[in-house]
$ cat target-v3.txt   # compact mmCIF, C-alpha atoms
# COMPACT_ATOMS: atom_id res chain seq x y z
CA MET A 1 -2.87 -47.08 42.54
CA THR A 2 0.00 -49.19 41.23
CA GLN A 3 3.24 -49.50 43.15
CA HIS A 4 5.01 -47.57 40.38
CA THR A 5 2.56 -44.67 40.78
CA PHE A 6 3.08 -44.71 44.56
CA TYR A 7 6.86 -44.47 44.22
CA MET A 8 6.76 -41.67 41.65
CA GLN A 9 4.26 -39.70 43.69
CA ARG A 10 6.62 -40.05 46.62
CA ALA A 11 9.42 -38.65 44.46
CA ILE A 12 7.17 -35.70 43.57
CA GLN A 13 6.58 -35.02 47.28
CA LEU A 14 10.31 -35.09 47.92
CA ALA A 15 11.01 -32.70 45.03
CA LYS A 16 8.80 -30.05 46.62
CA ARG A 17 11.14 -29.87 49.61
CA GLY A 18 13.51 -27.88 47.43
CA ILE A 19 10.99 -25.07 46.80
CA GLY A 20 12.65 -21.70 47.14
CA PHE A 21 16.20 -23.02 47.40
CA VAL A 22 17.15 -24.55 44.05
CA ASN A 23 16.46 -21.69 41.59
CA PRO A 24 17.39 -21.54 38.77
CA ASN A 25 17.69 -25.32 38.89
CA PRO A 26 14.61 -27.59 38.69
CA LEU A 27 12.80 -29.28 41.54
CA VAL A 28 13.67 -32.99 41.41
CA GLY A 29 12.96 -35.96 43.63
CA ALA A 30 14.19 -39.56 43.44
CA VAL A 31 13.23 -42.85 45.07
CA ILE A 32 15.21 -46.11 44.86
CA VAL A 33 13.34 -49.40 45.27
CA LYS A 34 14.72 -52.95 45.60
CA ASP A 35 12.87 -56.17 46.32
CA GLY A 36 9.61 -54.30 46.78
CA ARG A 37 10.83 -51.79 49.38
CA ILE A 38 12.29 -48.30 49.35
CA ILE A 39 16.00 -48.42 50.13
CA SER A 40 16.66 -44.70 49.63
CA GLU A 41 15.19 -41.30 48.86
CA GLY A 42 16.69 -38.01 47.76
CA TRP A 43 15.89 -34.60 46.37
CA HIS A 44 17.70 -31.56 45.06
CA ALA A 45 17.82 -29.53 48.26
CA ARG A 46 19.78 -26.40 47.34
CA TYR A 47 21.35 -24.81 44.27
CA GLY A 48 24.88 -26.18 43.81
CA ASP A 49 24.32 -29.20 46.07
CA LEU A 50 23.96 -32.83 45.00
CA HIS A 51 21.20 -33.60 42.51
CA ALA A 52 18.30 -35.80 43.61
CA GLU A 53 19.69 -38.97 42.03
CA ARG A 54 23.10 -38.63 43.69
CA ASN A 55 21.50 -37.71 47.01
CA ALA A 56 19.37 -40.86 46.84
CA LEU A 57 22.33 -43.05 45.91
CA LYS A 58 24.38 -41.57 48.77
CA ASN A 59 21.62 -42.42 51.27
CA CYS A 60 21.07 -46.06 50.28
CA THR A 61 20.41 -48.47 53.15
CA ALA A 62 21.15 -51.50 50.93
CA ASP A 63 23.22 -52.31 47.85
CA PRO A 64 21.45 -50.57 44.93
CA THR A 65 22.70 -53.08 42.36
CA GLY A 66 19.69 -54.28 40.36
CA ALA A 67 17.37 -51.69 41.92
CA THR A 68 14.81 -49.44 40.26
CA MET A 69 14.97 -45.64 40.45
CA TYR A 70 11.98 -43.33 40.13
CA VAL A 71 13.03 -39.78 39.27
CA THR A 72 10.79 -36.83 38.41
CA LEU A 73 13.09 -35.36 35.72
CA GLU A 74 15.40 -36.89 33.12
CA PRO A 75 18.83 -37.41 34.72
CA CYS A 76 21.53 -35.01 33.58
CA CYS A 77 24.37 -36.30 31.42
CA HIS A 78 26.70 -33.27 31.44
CA HIS A 79 29.16 -31.67 33.84
CA GLY A 80 27.80 -28.57 35.59
CA LYS A 81 28.13 -27.71 39.26
CA GLN A 82 27.71 -31.45 39.78
CA PRO A 83 28.95 -34.39 37.67
CA PRO A 84 26.47 -36.31 35.47
CA CYS A 85 23.80 -38.25 37.35
CA THR A 86 23.71 -40.80 34.53
CA GLU A 87 27.25 -41.88 35.42
CA ALA A 88 26.28 -42.34 39.07
CA ILE A 89 23.27 -44.44 38.05
CA LEU A 90 25.51 -46.75 35.99
CA LYS A 91 28.25 -46.91 38.61
CA ASN A 92 25.78 -48.01 41.28
CA GLY A 93 24.20 -50.74 39.18
CA ILE A 94 20.69 -49.33 38.88
CA GLN A 95 18.84 -51.69 36.52
CA ARG A 96 15.70 -49.72 35.67
CA VAL A 97 14.75 -46.03 35.73
CA TYR A 98 11.25 -44.54 35.62
CA ILE A 99 11.41 -40.91 34.45
CA GLY A 100 8.59 -38.36 34.78
CA SER A 101 9.47 -35.14 32.94
CA ARG A 102 11.67 -34.68 29.91
CA ASP A 103 14.45 -32.14 30.43
CA PRO A 104 14.28 -29.36 27.80
CA ASN A 105 17.78 -28.17 28.68
CA PRO A 106 19.68 -28.47 25.36
CA LEU A 107 22.56 -30.07 27.28
CA VAL A 108 20.23 -32.93 28.28
CA ALA A 109 17.04 -33.08 26.11
CA GLY A 110 16.88 -36.84 25.58
CA LYS A 111 20.63 -37.42 25.86
CA GLY A 112 20.30 -38.70 29.44
CA VAL A 113 17.74 -41.30 28.40
CA ALA A 114 19.80 -42.32 25.36
CA PHE A 115 22.98 -42.68 27.45
CA LEU A 116 21.30 -44.95 29.99
CA ARG A 117 19.72 -47.14 27.32
CA GLU A 118 23.00 -47.44 25.41
CA HIS A 119 24.59 -48.78 28.58
CA GLY A 120 21.93 -51.41 29.25
CA VAL A 121 19.64 -49.61 31.68
CA GLU A 122 15.91 -50.11 31.08
CA VAL A 123 14.26 -46.69 30.90
CA ILE A 124 10.53 -45.97 31.13
CA THR A 125 9.83 -42.37 30.10
CA ASP A 126 6.88 -40.01 30.57
CA PHE A 127 5.70 -41.82 33.70
CA LEU A 128 3.18 -39.54 35.50
CA ARG A 129 4.58 -36.86 33.21
CA GLU A 130 1.78 -34.35 33.73
CA GLU A 131 2.18 -34.45 37.52
CA CYS A 132 5.96 -34.22 37.23
CA ASP A 133 5.78 -31.38 34.70
CA ALA A 134 3.65 -29.42 37.18
CA LEU A 135 6.69 -29.19 39.45
CA ASN A 136 8.75 -27.10 37.06
CA PRO A 137 6.98 -24.54 34.87
CA VAL A 138 9.55 -22.01 36.10
CA PHE A 139 12.52 -24.14 35.02
CA PHE A 140 10.99 -25.09 31.68
CA ARG A 141 10.31 -21.45 30.82
CA TYR A 142 13.70 -20.14 31.93
CA ILE A 143 15.94 -22.88 30.53
CA THR A 144 14.41 -22.55 27.05
CA THR A 145 14.06 -18.74 26.80
CA LYS A 146 16.28 -17.21 29.54
CA MET A 147 13.22 -15.10 30.39
CA PRO A 148 11.85 -15.34 33.93
CA TYR A 149 8.59 -17.16 34.53
CA THR A 150 6.27 -14.33 35.53
CA ILE A 151 3.35 -14.51 37.96
CA LEU A 152 0.85 -11.65 38.06
CA LYS A 153 -0.89 -11.60 41.44
CA TYR A 154 -3.62 -9.49 42.98
CA ALA A 155 -6.35 -9.77 45.60
CA MET A 156 -9.78 -8.39 44.80
CA THR A 157 -13.35 -8.26 46.03
CA ALA A 158 -16.26 -10.07 44.40
CA ASP A 159 -16.97 -6.89 42.43
CA GLY A 160 -13.41 -6.71 41.11
CA LYS A 161 -11.81 -4.07 43.35
CA ILE A 162 -8.34 -4.16 44.93
CA ALA A 163 -8.88 -1.13 47.18
CA CYS A 164 -11.51 1.34 48.30
CA ALA A 165 -11.88 4.71 46.59
CA GLY A 166 -9.39 6.33 48.98
CA GLY A 167 -6.80 3.61 48.40
CA ALA A 168 -7.30 1.59 51.61
CA SER A 169 -6.72 -2.11 50.91
CA GLN A 170 -5.77 -3.74 54.21
CA TRP A 171 -7.13 -6.27 54.14
CA VAL A 172 -9.04 -7.46 51.11
CA THR A 173 -8.48 -11.13 51.92
CA GLY A 174 -8.20 -13.13 55.12
CA GLU A 175 -5.19 -14.56 56.93
CA THR A 176 -5.17 -17.91 55.13
CA ALA A 177 -4.99 -16.29 51.70
CA ARG A 178 -2.32 -13.84 52.85
CA ALA A 179 -0.23 -16.70 54.24
CA HIS A 180 -0.51 -18.45 50.87
CA VAL A 181 1.01 -15.39 49.18
CA HIS A 182 4.14 -15.88 51.26
CA GLN A 183 4.42 -19.45 50.00
CA THR A 184 4.41 -18.03 46.48
CA ARG A 185 7.04 -15.47 47.46
CA LYS A 186 9.16 -18.33 48.73
CA ARG A 187 8.94 -20.08 45.34
CA VAL A 188 10.13 -17.17 43.21
CA ALA A 189 13.50 -15.55 42.67
CA ALA A 190 12.20 -11.96 42.67
CA ILE A 191 9.21 -9.78 43.61
CA CYS A 192 8.49 -6.78 41.40
CA VAL A 193 6.42 -3.67 42.08
CA GLY A 194 6.11 -0.21 40.58
CA ILE A 195 7.27 2.94 42.34
CA GLY A 196 3.64 3.87 43.03
CA THR A 197 3.30 0.90 45.37
CA VAL A 198 6.51 1.85 47.18
CA LEU A 199 5.41 5.46 47.67
CA ALA A 200 1.90 4.51 48.80
CA ASP A 201 2.61 1.49 51.04
CA ASP A 202 6.35 1.49 51.90
CA PRO A 203 6.33 -2.35 51.67
CA MET A 204 9.03 -4.76 52.78
CA LEU A 205 8.24 -7.34 50.06
CA ASN A 206 9.88 -10.08 52.08
CA CYS A 207 8.87 -13.68 52.66
CA ARG A 208 7.33 -14.30 56.07
CA CYS A 209 6.72 -18.02 56.49
CA GLU A 210 8.35 -21.05 58.05
CA ASN A 211 11.82 -21.72 56.60
CA PRO A 212 11.66 -18.69 54.27
CA SER A 213 13.69 -18.07 51.15
CA GLN A 214 13.98 -14.34 50.48
CA PRO A 215 13.46 -13.20 46.88
CA VAL A 216 15.23 -10.20 45.39
CA ARG A 217 13.03 -7.08 45.66
CA VAL A 218 12.65 -5.22 42.34
CA VAL A 219 11.20 -1.75 41.77
CA LEU A 220 10.35 -0.21 38.41
CA ASP A 221 11.11 3.47 39.03
CA THR A 222 11.43 5.46 35.81
CA ARG A 223 12.43 8.77 37.45
CA LEU A 224 14.26 7.28 40.45
CA ARG A 225 11.84 8.58 43.06
CA ILE A 226 12.37 5.82 45.63
CA PRO A 227 12.98 7.44 49.05
CA LEU A 228 16.27 6.74 50.78
CA THR A 229 14.20 6.35 53.95
CA SER A 230 11.98 3.59 52.50
CA ARG A 231 12.06 0.21 54.16
CA LEU A 232 13.32 -1.38 50.95
CA VAL A 233 16.38 0.88 50.87
CA GLN A 234 16.96 0.60 54.61
CA THR A 235 17.08 -3.21 54.40
CA ALA A 236 18.87 -3.54 51.06
CA LYS A 237 22.04 -4.89 52.66
CA ASP A 238 20.01 -7.70 54.24
CA ILE A 239 17.76 -8.62 51.30
CA PRO A 240 18.85 -7.47 47.81
CA VAL A 241 17.00 -4.64 46.07
CA ILE A 242 17.20 -3.83 42.36
CA VAL A 243 15.79 -0.55 41.04
CA PHE A 244 15.23 -0.07 37.31
CA THR A 245 15.26 3.51 36.11
CA HIS A 246 15.89 5.60 32.99
CA GLN A 247 18.79 8.06 32.91
CA PRO A 248 19.41 7.93 36.67
CA ASP A 249 20.51 11.00 38.62
CA PRO A 250 24.18 10.31 39.55
CA GLU A 251 23.92 11.72 43.07
CA LYS A 252 20.74 9.79 43.97
CA CYS A 253 22.14 6.70 42.31
CA ALA A 254 25.33 6.90 44.39
CA ALA A 255 23.34 7.29 47.61
CA LEU A 256 21.22 4.26 46.78
CA GLU A 257 24.22 2.14 45.92
CA THR A 258 25.90 3.15 49.18
CA ALA A 259 22.80 1.83 50.94
CA GLY A 260 23.20 -1.50 49.10
CA VAL A 261 20.69 -0.98 46.30
CA THR A 262 21.59 -2.07 42.76
CA VAL A 263 20.48 0.57 40.24
CA LEU A 264 20.09 -0.58 36.64
CA GLU A 265 19.19 1.51 33.63
CA ALA A 266 16.40 0.32 31.32
CA PRO A 267 14.91 1.70 28.10
CA LEU A 268 11.51 3.35 27.97
CA GLU A 269 8.28 1.88 26.68
CA GLY A 270 6.09 4.94 26.36
CA ALA A 271 6.49 7.03 29.51
CA HIS A 272 7.83 4.23 31.72
CA VAL A 273 10.72 1.79 31.79
CA SER A 274 9.97 -1.26 29.68
CA ILE A 275 8.83 -4.11 31.89
CA LEU A 276 9.78 -6.61 29.20
CA GLU A 277 13.35 -5.28 29.03
CA CYS A 278 13.57 -5.25 32.83
CA LEU A 279 12.49 -8.89 32.97
CA ALA A 280 15.05 -9.78 30.31
CA ILE A 281 17.78 -8.13 32.38
CA LEU A 282 16.66 -10.04 35.47
CA GLY A 283 16.91 -13.23 33.44
CA GLN A 284 20.45 -12.31 32.43
CA HIS A 285 21.25 -11.95 36.13
CA GLY A 286 20.10 -15.53 36.75
CA LEU A 287 16.69 -14.74 38.22
CA ASP A 288 14.36 -17.38 36.83
CA SER A 289 10.99 -16.22 38.20
CA VAL A 290 9.27 -12.97 39.12
CA LEU A 291 6.13 -12.30 41.14
CA ILE A 292 4.52 -9.02 40.12
CA GLU A 293 2.68 -7.58 43.12
CA GLY A 294 1.74 -4.06 42.17
CA GLY A 295 -1.15 -1.89 41.16
CA ALA A 296 -3.21 -1.39 38.05
CA SER A 297 -0.45 0.28 36.01
CA ILE A 298 2.22 -2.40 36.35
CA HIS A 299 -0.37 -5.15 35.85
CA ALA A 300 -1.49 -3.51 32.61
CA ALA A 301 2.10 -3.12 31.43
CA ALA A 302 2.81 -6.80 32.09
CA LEU A 303 -0.25 -7.91 30.15
CA GLN A 304 0.47 -5.57 27.25
CA ALA A 305 4.02 -6.91 27.08
CA GLY A 306 2.71 -10.49 27.05
CA CYS A 307 4.85 -11.50 30.01
CA ALA A 308 2.33 -12.86 32.52
CA ASP A 309 2.71 -16.65 32.43
CA LEU A 310 0.43 -17.23 35.42
CA VAL A 311 -2.30 -14.98 36.80
CA GLN A 312 -3.19 -15.47 40.46
CA VAL A 313 -6.44 -13.87 41.60
CA TYR A 314 -7.32 -14.02 45.29
CA LEU A 315 -11.08 -13.47 45.43
CA ALA A 316 -12.69 -12.23 48.64
CA PRO A 317 -16.42 -12.35 49.53
CA LYS A 318 -16.63 -8.57 49.85
CA LEU A 319 -17.98 -5.65 47.81
CA PHE A 320 -16.32 -2.22 47.59
CA GLY A 321 -18.61 -0.65 45.00
CA GLY A 322 -18.05 1.19 41.76
CA ASP A 323 -15.72 3.84 43.14
CA GLY A 324 -13.17 1.23 44.28
CA LEU A 325 -9.87 0.69 42.46
CA SER A 326 -9.59 -1.93 39.73
CA PRO A 327 -6.71 -4.43 39.49
CA ILE A 328 -5.71 -3.75 35.88
CA GLY A 329 -5.29 -0.41 34.13
CA SER A 330 -6.13 0.39 30.54
CA ILE A 331 -4.58 -1.93 27.97
CA GLY A 332 -6.37 -0.56 24.93
CA ILE A 333 -8.91 -3.32 24.43
CA LEU A 334 -11.95 -2.03 22.54
CA THR A 335 -13.82 -5.25 21.71
CA PRO A 336 -14.24 -8.63 23.43
CA ALA A 337 -12.37 -10.25 20.54
CA GLU A 338 -9.22 -8.38 21.64
CA ALA A 339 -9.27 -9.75 25.19
CA VAL A 340 -6.23 -11.38 26.75
CA LEU A 341 -7.11 -15.07 26.78
CA LEU A 342 -6.55 -17.25 29.84
CA SER A 343 -6.97 -20.93 30.56
CA PRO A 344 -9.86 -22.23 32.66
CA PRO A 345 -8.85 -21.61 36.29
CA THR A 346 -7.73 -23.99 38.93
CA ILE A 347 -9.61 -23.09 42.12
CA THR A 348 -8.29 -23.41 45.67
CA LYS A 349 -10.33 -22.53 48.76
CA LEU A 350 -8.31 -20.54 51.31
CA GLY A 351 -10.43 -19.85 54.37
CA GLU A 352 -13.33 -17.68 53.22
CA ASP A 353 -11.47 -16.68 50.05
CA LEU A 354 -10.77 -18.38 46.73
CA LEU A 355 -7.56 -18.51 44.72
CA LEU A 356 -8.13 -18.60 40.96
CA GLU A 357 -5.04 -19.47 38.93
CA TYR A 358 -4.97 -18.97 35.17
CA THR A 359 -2.21 -19.60 32.66
CA ARG A 360 -1.97 -17.33 29.65
CA LYS A 361 -3.05 -19.10 26.49
CA ASP A 362 -0.37 -19.47 23.82
CA GLY A 363 -0.23 -16.41 21.64
CA ALA A 364 -2.21 -14.25 24.07
$ encode --input "target-v3.txt" --output "structure tokens"
Amino acid sequence: MTQHTFYMQRAIQLAKRGIGFVNPNPLVGAVIVKDGRIISEGWHARYGDLHAERNALKNCTADPTGATMYVTLEPCCHHGKQPPCTEAILKNGIQRVYIGSRDPNPLVAGKGVAFLREHGVEVITDFLREECDALNPVFFRYITTKMPYTILKYAMTADGKIACAGGASQWVTGETARAHVHQTRKRVAAICVGIGTVLADDPMLNCRCENPSQPVRVVLDTRLRIPLTSRLVQTAKDIPVIVFTHQPDPEKCAALETAGVTVLEAPLEGAHVSILECLAILGQHGLDSVLIEGGASIHAAALQAGCADLVQVYLAPKLFGGDGLSPIGSIGILTPAEAVLLSPPTITKLGEDLLLEYTRKDGA
């Protein structure tokens, strides 16, 4: 490992400390090195706070003039909630900058690199780019399309069942896998389920882990059947709840809104509210990522709409048999050639279970 690789990998580690708190901004880490030693580190810690580069410059233990900065994402060169990081880099005399990811934000998109080079800073781009890019699939998707990055998640047995014939599903997987789900909940801006899940399980859909970040809870509820006594409604003033419906009943709608629930109207796709339109509305509200944790119907709708960017399958060493419930409902596929295509999986062992993660292939 070269020293440059070591410093950038350290910046990547720092960037991850912002998970769950910077949305819809990217995860970014920065390391400043002078005379062969680290004189400062920084990361983007919370939405609206200092960017990684400015945090690192603020924390310097020595004069940064002539130093080298390693940053996981191209420095911004525009005024947003914070002033341009490129100006801070120049002002503090940074001589060389190693950059991992390119920023697809149209306000940046190469302009940060060009600005630094025009002002005499040596810039090395695409350094450990693949590792740096892996930090921000959510940001890259949202900043270029304004559609949330969508994760489709389910836990199933080795014979492909998410519940027994009677609906019992607690628990398909073990504690380690279930704890990992809460880390995913922490990463995303929203969790989405269908009304069937709410009626069957009365879930909280909250994040239960160390230093949690609570995502918005979202329910697709075409006929506005969500009970006022449900735990989601009862806790809506503590953790936001959005319910999508079609032609809502005014009286029920008023009662929900009094309880703190936001009720939004969405168009139909067949007999149910359109999941694609609901996701677009969430994007318009600044929610950059959605974890879909439902049953077979909502999973099928997401796949049919082409809006599952990542599929997470928790696989347990159990068998429920042919009368168990499957994770995905009918999506009209009649031949293997029509299948939804996924990438080869990345595989993570979680206790006795496995996590298989697939990205949807382009055009699928």
$ closest_residue --input "target-v3.txt" --among "A:Gly270, A:Pro215, A:Pro327, A:Pro26" --to "Ile239 (chain A)" --atoms "all atoms listed in the file"
A:Pro215
$ axis_aligned_box --input "target-v3.txt" --around "region 169-179 of chain A" --padding-each-side "4 Å" --output "lines of an AutoDock Vina configuration file"
center_x = -4.6
center_y = -10.0
center_z = 53.9
size_x = 16.8
size_y = 23.8
size_z = 14.0
$ residues_near_point --input "target-v3.txt" --point "(15.8, -32.3, 35.2)" --cutoff "8 Å" --atoms "only C-alpha atoms" --output "PyMOL selection string"
chain A and resi 26-28+72-76+101-103+105
$ atom_distance --input "target-v3.txt" --atom1 "CA of Lys161 (chain A)" --atom2 "CA of Ser326 (chain A)"
4.8 Å
$ atom_distance --input "target-v3.txt" --atom1 "CA of Glu53 (chain A)" --atom2 "CA of Thr86 (chain A)"
8.7 Å
$ closest_residue --input "target-v3.txt" --among "A:Ile331, A:Cys307, A:Met69, A:Val193" --to "Gly294 (chain A)" --atoms "only C-alpha atoms"
A:Val193
$ residues_around --input "target-v3.txt" --residues "Gln9 (chain A)" --least-positions-apart "4" --cutoff "12 Å" --atoms "only C-alpha atoms" --output "ChimeraX atom specification"
/A:1-5,13-16,28-31,70-72,98-100,127-132,135
$ write_last_selection --input "target-v3.txt" --atoms "C-alpha atoms" --output "mmCIF file, keeping the file's coordinate frame"
data_model
loop_
_atom_site.group_PDB
_atom_site.id
_atom_site.type_symbol
_atom_site.label_atom_id
_atom_site.label_comp_id
_atom_site.auth_asym_id
_atom_site.auth_seq_id
_atom_site.Cartn_x
_atom_site.Cartn_y
_atom_site.Cartn_z
ATOM 1 C CA MET A 1 -2.870 -47.080 42.540
ATOM 2 C CA THR A 2 0.000 -49.190 41.230
ATOM 3 C CA GLN A 3 3.240 -49.500 43.150
ATOM 4 C CA HIS A 4 5.010 -47.570 40.380
ATOM 5 C CA THR A 5 2.560 -44.670 40.780
ATOM 6 C CA GLN A 13 6.580 -35.020 47.280
ATOM 7 C CA LEU A 14 10.310 -35.090 47.920
ATOM 8 C CA ALA A 15 11.010 -32.700 45.030
ATOM 9 C CA LYS A 16 8.800 -30.050 46.620
ATOM 10 C CA VAL A 28 13.670 -32.990 41.410
ATOM 11 C CA GLY A 29 12.960 -35.960 43.630
ATOM 12 C CA ALA A 30 14.190 -39.560 43.440
ATOM 13 C CA VAL A 31 13.230 -42.850 45.070
ATOM 14 C CA TYR A 70 11.980 -43.330 40.130
ATOM 15 C CA VAL A 71 13.030 -39.780 39.270
ATOM 16 C CA THR A 72 10.790 -36.830 38.410
ATOM 17 C CA TYR A 98 11.250 -44.540 35.620
ATOM 18 C CA ILE A 99 11.410 -40.910 34.450
ATOM 19 C CA GLY A 100 8.590 -38.360 34.780
ATOM 20 C CA PHE A 127 5.700 -41.820 33.700
ATOM 21 C CA LEU A 128 3.180 -39.540 35.500
ATOM 22 C CA ARG A 129 4.580 -36.860 33.210
ATOM 23 C CA GLU A 130 1.780 -34.350 33.730
ATOM 24 C CA GLU A 131 2.180 -34.450 37.520
ATOM 25 C CA CYS A 132 5.960 -34.220 37.230
ATOM 26 C CA LEU A 135 6.690 -29.190 39.450
#
$ atom_distance --input "target-v3.txt" --atom1 "CA of Cys192 (chain A)" --atom2 "CA of Leu303 (chain A)"
14.3 Å
$ closest_residue --input "target-v3.txt" --among "A:Ile12, A:Ala165, A:Ala316, A:Leu310" --to "Ala134 (chain A)" --atoms "only C-alpha atoms"
A:Ile12
$ residues_near_point --input "target-v3.txt" --point "(20.2, -47.1, 47.4)" --cutoff "6 Å" --atoms "only C-alpha atoms" --output "PyMOL selection string"
chain A and resi 32+39-40+57+60-62+64
$ residues_around --input "target-v3.txt" --residues "region 281-292 of chain A" --least-positions-apart "6" --cutoff "7 Å" --atoms "all atoms listed in the file" --output "list in words"
Asn23, Pro24, Val138, Tyr142, Lys146, Met147, Pro148, Tyr149, Thr150, Ile151, Leu152, Lys153, Val188, Ala189, Ala190, Ile191, Cys192 and Val193 of chain A
$ write_last_selection --input "target-v3.txt" --atoms "C-alpha atoms" --output "PDB file, keeping the file's coordinate frame"
ATOM      1  CA  ASN A  23      16.460 -21.690  41.590  1.00  0.00           C
ATOM      2  CA  PRO A  24      17.390 -21.540  38.770  1.00  0.00           C
ATOM      3  CA  VAL A 138       9.550 -22.010  36.100  1.00  0.00           C
ATOM      4  CA  TYR A 142      13.700 -20.140  31.930  1.00  0.00           C
ATOM      5  CA  LYS A 146      16.280 -17.210  29.540  1.00  0.00           C
ATOM      6  CA  MET A 147      13.220 -15.100  30.390  1.00  0.00           C
ATOM      7  CA  PRO A 148      11.850 -15.340  33.930  1.00  0.00           C
ATOM      8  CA  TYR A 149       8.590 -17.160  34.530  1.00  0.00           C
ATOM      9  CA  THR A 150       6.270 -14.330  35.530  1.00  0.00           C
ATOM     10  CA  ILE A 151       3.350 -14.510  37.960  1.00  0.00           C
ATOM     11  CA  LEU A 152       0.850 -11.650  38.060  1.00  0.00           C
ATOM     12  CA  LYS A 153      -0.890 -11.600  41.440  1.00  0.00           C
ATOM     13  CA  VAL A 188      10.130 -17.170  43.210  1.00  0.00           C
ATOM     14  CA  ALA A 189      13.500 -15.550  42.670  1.00  0.00           C
ATOM     15  CA  ALA A 190      12.200 -11.960  42.670  1.00  0.00           C
ATOM     16  CA  ILE A 191       9.210  -9.780  43.610  1.00  0.00           C
ATOM     17  CA  CYS A 192       8.490  -6.780  41.400  1.00  0.00           C
ATOM     18  CA  VAL A 193       6.420  -3.670  42.080  1.00  0.00           C
TER      19      VAL A 193
END
$ closest_residue --input "target-v3.txt" --among "A:Val313, A:Val218, A:Ile195, A:Cys278" --to "Val181 (chain A)" --atoms "all atoms listed in the file"
A:Val313
$ residues_around --input "target-v3.txt" --residues "region 240-257 of chain A" --least-positions-apart "4" --cutoff "7 Å" --atoms "all atoms listed in the file" --output "number ranges by chain"
A: 216-224, 228, 232, 236, 261-267, 273
$ residues_around --input "target-v3.txt" --residues "His299 (chain A)" --least-positions-apart "3" --cutoff "6 Å" --atoms "all atoms listed in the file" --output "list in words"
Ala296, Ala302 and Ile328 of chain A
$ closest_residue --input "target-v3.txt" --among "A:Pro83, A:Gly194, A:Gly260, A:Gly329" --to "His272 (chain A)" --atoms "only C-alpha atoms"
A:Gly194
$ closest_residue --input "target-v3.txt" --among "A:Pro106, A:Pro212, A:Gly160, A:Gly351" --to "Lys318 (chain A)" --atoms "all atoms listed in the file"
A:Gly160
$ residues_around --input "target-v3.txt" --residues "Pro227 (chain A)" --least-positions-apart "4" --cutoff "9 Å" --atoms "all atoms listed in the file" --output "list in words"
Val198, Leu199, Arg231 and Val233 of chain A
$ build_atoms --input "target-v3.txt" --residues "region 78-90 of chain A" --atoms "N, CA and C atoms" --output "PDB file, keeping the file's coordinate frame"
ATOM      1  N   HIS A  78      25.625 -34.213  31.717  1.00  0.00           N
ATOM      2  CA  HIS A  78      26.700 -33.270  31.440  1.00  0.00           C
ATOM      3  C   HIS A  78      27.303 -32.785  32.753  1.00  0.00           C
ATOM      4  N   HIS A  79      28.486 -32.221  32.664  1.00  0.00           N
ATOM      5  CA  HIS A  79      29.160 -31.670  33.840  1.00  0.00           C
ATOM      6  C   HIS A  79      28.718 -30.221  34.037  1.00  0.00           C
ATOM      7  N   GLY A  80      28.133 -29.929  35.204  1.00  0.00           N
ATOM      8  CA  GLY A  80      27.800 -28.570  35.590  1.00  0.00           C
ATOM      9  C   GLY A  80      28.423 -28.317  36.946  1.00  0.00           C
ATOM     10  N   LYS A  81      27.623 -27.825  37.901  1.00  0.00           N
ATOM     11  CA  LYS A  81      28.130 -27.710  39.260  1.00  0.00           C
ATOM     12  C   LYS A  81      28.296 -29.083  39.900  1.00  0.00           C
ATOM     13  N   GLN A  82      27.603 -30.072  39.338  1.00  0.00           N
ATOM     14  CA  GLN A  82      27.710 -31.450  39.780  1.00  0.00           C
ATOM     15  C   GLN A  82      28.022 -32.334  38.570  1.00  0.00           C
ATOM     16  N   PRO A  83      28.691 -33.467  38.788  1.00  0.00           N
ATOM     17  CA  PRO A  83      28.950 -34.390  37.670  1.00  0.00           C
ATOM     18  C   PRO A  83      27.661 -35.062  37.200  1.00  0.00           C
ATOM     19  N   PRO A  84      27.694 -35.724  36.038  1.00  0.00           N
ATOM     20  CA  PRO A  84      26.470 -36.310  35.470  1.00  0.00           C
ATOM     21  C   PRO A  84      25.832 -37.353  36.382  1.00  0.00           C
ATOM     22  N   CYS A  85      24.528 -37.252  36.551  1.00  0.00           N
ATOM     23  CA  CYS A  85      23.800 -38.250  37.350  1.00  0.00           C
ATOM     24  C   CYS A  85      23.717 -39.587  36.615  1.00  0.00           C
ATOM     25  N   THR A  86      23.754 -39.551  35.287  1.00  0.00           N
ATOM     26  CA  THR A  86      23.710 -40.800  34.530  1.00  0.00           C
ATOM     27  C   THR A  86      24.901 -41.687  34.872  1.00  0.00           C
ATOM     28  N   GLU A  87      26.059 -41.090  35.071  1.00  0.00           N
ATOM     29  CA  GLU A  87      27.250 -41.880  35.420  1.00  0.00           C
ATOM     30  C   GLU A  87      27.085 -42.527  36.792  1.00  0.00           C
ATOM     31  N   ALA A  88      26.499 -41.788  37.734  1.00  0.00           N
ATOM     32  CA  ALA A  88      26.280 -42.340  39.070  1.00  0.00           C
ATOM     33  C   ALA A  88      25.280 -43.494  39.032  1.00  0.00           C
ATOM     34  N   ILE A  89      24.270 -43.365  38.187  1.00  0.00           N
ATOM     35  CA  ILE A  89      23.270 -44.440  38.050  1.00  0.00           C
ATOM     36  C   ILE A  89      23.936 -45.716  37.538  1.00  0.00           C
ATOM     37  N   LEU A  90      24.793 -45.576  36.527  1.00  0.00           N
ATOM     38  CA  LEU A  90      25.510 -46.750  35.990  1.00  0.00           C
ATOM     39  C   LEU A  90      26.462 -47.330  37.029  1.00  0.00           C
TER      40      LEU A  90
END
